[in-house]
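Have a look at the structure below, then the notes.
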Amino acid sequence: MSLMPTMIDLLARARVDLRMGLPVVLTAPDSAVLALAVEPLDSARLNSVRALGPVSLTVTARRAETLKARIYDDDIARIELPSDAQLDWVQAIADPSDDLKTPMKGPLRSHRDGDVALHRLAIALVKSARLLPAAVICPVAHPAQFAKSHGLTVLPLAAANPLLMESSPLHPVAAARLPMDAAEAGRLHIYRPEDGAEEHYAIEIGKPDRNAPVLARLHSACFTGDVLGSLKCDCGPQLRAALAQMGTEGSGVLLYLNQEGRGIGLANKMRAYSLQDQGFDTVEANHRLGFEDDERDFRLGSAILKQLGFSSVRLLTNNPNKISMMEKTGISVAERVPLRVGETDFNRGYLATKAAKSGHLF
Ligand SMILES: Nc1nc2c(ncn2[C@@H]2O[C@H](COP(=O)(O)OP(=O)(O)OP(=O)(O)O)[C@@H](O)[C@H]2O)c(=O)[nH]1
Ligand SMILES: [Zn+2]
């Protein structure tokens, strides 16, 4: 029996299945559905699902607001799939890139009755697979038999939900000395989550005292800013300034969290950039895609700090949410150290939006 997949394994498998365009079977005690992510869907699979029964296209309330679809279930909306709707219609519901060109997709009808817990689970899974948050969902009878005969992953709601809500435990896998421009006494530690999601890194500079607040930065991955030197954000200069300050002080710890695009992934961040080119700001673009302003999980940061033996930080940030998440998850923030660098003509609006809408302090 120990060779059988655990619930964590099944969740990881479901994430990959959804990314590949495969359906997964989600079960509750008295109902079951087949769920597919819209993003990798093809016409053949859409037609196969349609042949099974009534299909709903489930999106987040954020996306439904843009689509002007009725929201009966707080955070999600279940849009009826019209009988003549083809794949391009389904994808246009999920993907806002052509919203301005073709604003009217309706009239859209939303389902009102029935249980939404499995729909909510489907959206959480699709988000954790870093896909556009939209799923094609259809009820399925005899789920165990159906899944077995089609070779599909089955996830029971009661077991999957708590795992999706909590942050997966992280384990150190390797560490080595890493001399850097900012500090020769550097050490890079790699942490791997149990749920098969992205690894995160800690860069320790010098030998910080575990009994005093450590100069710390929680940096979220930004391929465009960190690597390409994008002028649209301030990430690259913040990363380098934080390391430089740690180097000057002789000690510190920088966590590099692989939560690209405030947790929506690089592909979705590029979709957000393309909406920004159409005139929406950074927060509006996330909402039109169906995401919240910030989908990151900062509990990861405190988990890594605790594993490294730290309990108190002097946090380099302008983001009050990072401070409250640290405090809530057992790391005390002895001091906020402001980090204002890298303002350009291209990111002035972005920084102003973060100050106005996300409470950033400057
Ligand atoms: N979705 C989205 N993400 C963005 C955009 N611009 C930058 N990002 C991401 O935003 C994150 C910025 O991370 P941080 O600099 O750690 O966080 P912050 O919330 O600005 O807080 P501090 O820098 O600590 O003040 C990175 O993951 C970037 O990839 C954008 O327009 N849309
Ligand atoms: Zn950036």
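All residue names refer to the structure tokens as shown: chains lettered A, B, ... in order, residues numbered from 1 in each chain, ligands numbered from 1 in order.
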Using DSSP on the backbone, list every residue of region 7-130 of chain A that comes out as helix (DSSP H, G or I), and give them as JSON, numbers by chain.
-> {"A": [7, 8, 9, 10, 11, 12, 13, 14, 15, 16, 17, 18, 19, 20, 43, 44, 45, 46, 47, 48, 49, 50, 61, 62, 63, 64, 65, 66, 67, 87, 88, 89, 90, 91, 92, 93, 94, 96, 97, 98, 117, 118, 119, 120, 121, 122, 123, 124, 125, 126, 127, 128]}
Can you tell me which residues come within 9 Å of ligand 2 when counting only C-alpha atoms and all ligand atoms, ideally as a PyMOL selection string?
-> chain A and resi 220-226+229-236+260-261
Using the selection just defined, write its residues with C-alpha atoms as a PDB file, in the first residue's frame.
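Ended up saving to part-v1.pdb:
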```pdb
ATOM      1  CA  SER A 220       9.275  37.444  -5.306  1.00  0.00           C
ATOM      2  CA  ALA A 221      10.619  36.154  -8.597  1.00  0.00           C
ATOM      3  CA  CYS A 222      10.422  38.599 -11.477  1.00  0.00           C
ATOM      4  CA  PHE A 223      12.088  37.170 -14.574  1.00  0.00           C
ATOM      5  CA  THR A 224      11.541  40.391 -16.482  1.00  0.00           C
ATOM      6  CA  GLY A 225      12.935  42.662 -13.774  1.00  0.00           C
ATOM      7  CA  ASP A 226      15.547  40.437 -12.105  1.00  0.00           C
ATOM      8  CA  GLY A 229      16.429  44.516 -16.446  1.00  0.00           C
ATOM      9  CA  SER A 230      12.841  45.474 -17.323  1.00  0.00           C
ATOM     10  CA  LEU A 231      12.018  49.113 -16.662  1.00  0.00           C
ATOM     11  CA  LYS A 232       8.333  48.335 -16.025  1.00  0.00           C
ATOM     12  CA  CYS A 233       8.885  47.436 -12.354  1.00  0.00           C
ATOM     13  CA  ASP A 234      11.438  48.021  -9.588  1.00  0.00           C
ATOM     14  CA  CYS A 235      12.279  44.363  -8.848  1.00  0.00           C
ATOM     15  CA  GLY A 236      15.790  44.177 -10.312  1.00  0.00           C
ATOM     16  CA  GLU A 260       6.444  35.082 -10.338  1.00  0.00           C
ATOM     17  CA  GLY A 261       3.970  37.821 -11.163  1.00  0.00           C
TER      18      GLY A 261
END
```
Can you check which residues of region 34-221 of chain A DSSP gives as strand (DSSP E) on the backbone and send them as a ChimeraX atom specification?
-> /A:34-37,56-60,76-80,134-139,154-156,170-177,186-193,200-205,214-220
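For the residues A:Leu57, A:Leu215, A:Leu257, A:Ala202, ranking by smallest atom-to-atom distance to ligand 1 using only C-alpha atoms and all ligand atoms places A:Leu257 first.
For region 67-73 of chain A, the residues within 8 Å (counting only C-alpha atoms, excluding itself and residues fewer than 3 positions away along the chain) are Ala61, Arg63, Ala64, Ile76, Ala77, Arg78, Ile79, Ile93, Lys105, Leu108, Arg109, Ser110, His111, Arg112 and Val116 of chain A.
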Between region 20-129 of chain A and region 148-155 of chain A, at 8 Å or less, what are the per-residue closest atom pairs and their distances in Å? Count only C-alpha atoms, order by chain and rising residue number, and return it as a Markdown table.
```
| residue | atom | partner | partner_atom | distance |
| --- | --- | --- | --- | --- |
| A:Leu22 | CA | A:Leu152 | CA | 7.9 |
| A:Pro23 | CA | A:Leu152 | CA | 6.9 |
| A:Val24 | CA | A:Thr153 | CA | 5.3 |
| A:Val25 | CA | A:Val154 | CA | 4.7 |
| A:Leu26 | CA | A:Leu155 | CA | 4.9 |
| A:Thr27 | CA | A:Leu155 | CA | 6.2 |
```
With C-alpha atoms retained, write the just-selected residues as an mmCIF file, in the first residue's frame.
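Dumped to out03.cif:
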```
data_model
loop_
_atom_site.group_PDB
_atom_site.id
_atom_site.type_symbol
_atom_site.label_atom_id
_atom_site.label_comp_id
_atom_site.auth_asym_id
_atom_site.auth_seq_id
_atom_site.Cartn_x
_atom_site.Cartn_y
_atom_site.Cartn_z
ATOM 1 C CA LEU A 22 -6.790 16.310 -19.117
ATOM 2 C CA PRO A 23 -9.947 16.178 -17.026
ATOM 3 C CA VAL A 24 -9.829 15.377 -13.319
ATOM 4 C CA VAL A 25 -12.704 13.896 -11.319
ATOM 5 C CA LEU A 26 -13.640 15.860 -8.184
ATOM 6 C CA THR A 27 -15.893 14.158 -5.665
#
```
Compile the contact shell of region 287-294 of chain A as a PyMOL selection string: residues with an atom at most 6 Å away, counting only C-alpha atoms, same-chain residues fewer than 4 positions apart removed.
-> chain A and resi 60+62-63+262+283
For the residues in that selection, give me C-alpha atoms as an mmCIF file, in the first residue's frame.
```cif
data_model
loop_
_atom_site.group_PDB
_atom_site.id
_atom_site.type_symbol
_atom_site.label_atom_id
_atom_site.label_comp_id
_atom_site.auth_asym_id
_atom_site.auth_seq_id
_atom_site.Cartn_x
_atom_site.Cartn_y
_atom_site.Cartn_z
ATOM 1 C CA THR A 60 -13.832 33.734 -10.569
ATOM 2 C CA ARG A 62 -13.282 38.947 -10.600
ATOM 3 C CA ARG A 63 -13.564 37.686 -14.179
ATOM 4 C CA ARG A 262 2.640 38.102 -7.600
ATOM 5 C CA VAL A 283 -4.372 45.777 -10.281
#
```
Between A:Val49, A:Val253, A:Leu34, A:Ala44, which has the minimum distance to Pro213 (chain A) (counting only C-alpha atoms)?
-> A:Val253
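Among the candidates A:Gln238, A:Ile137, A:Thr6, A:Trp89, the one nearest to Thr102 (chain A) when counting only C-alpha atoms is A:Trp89.
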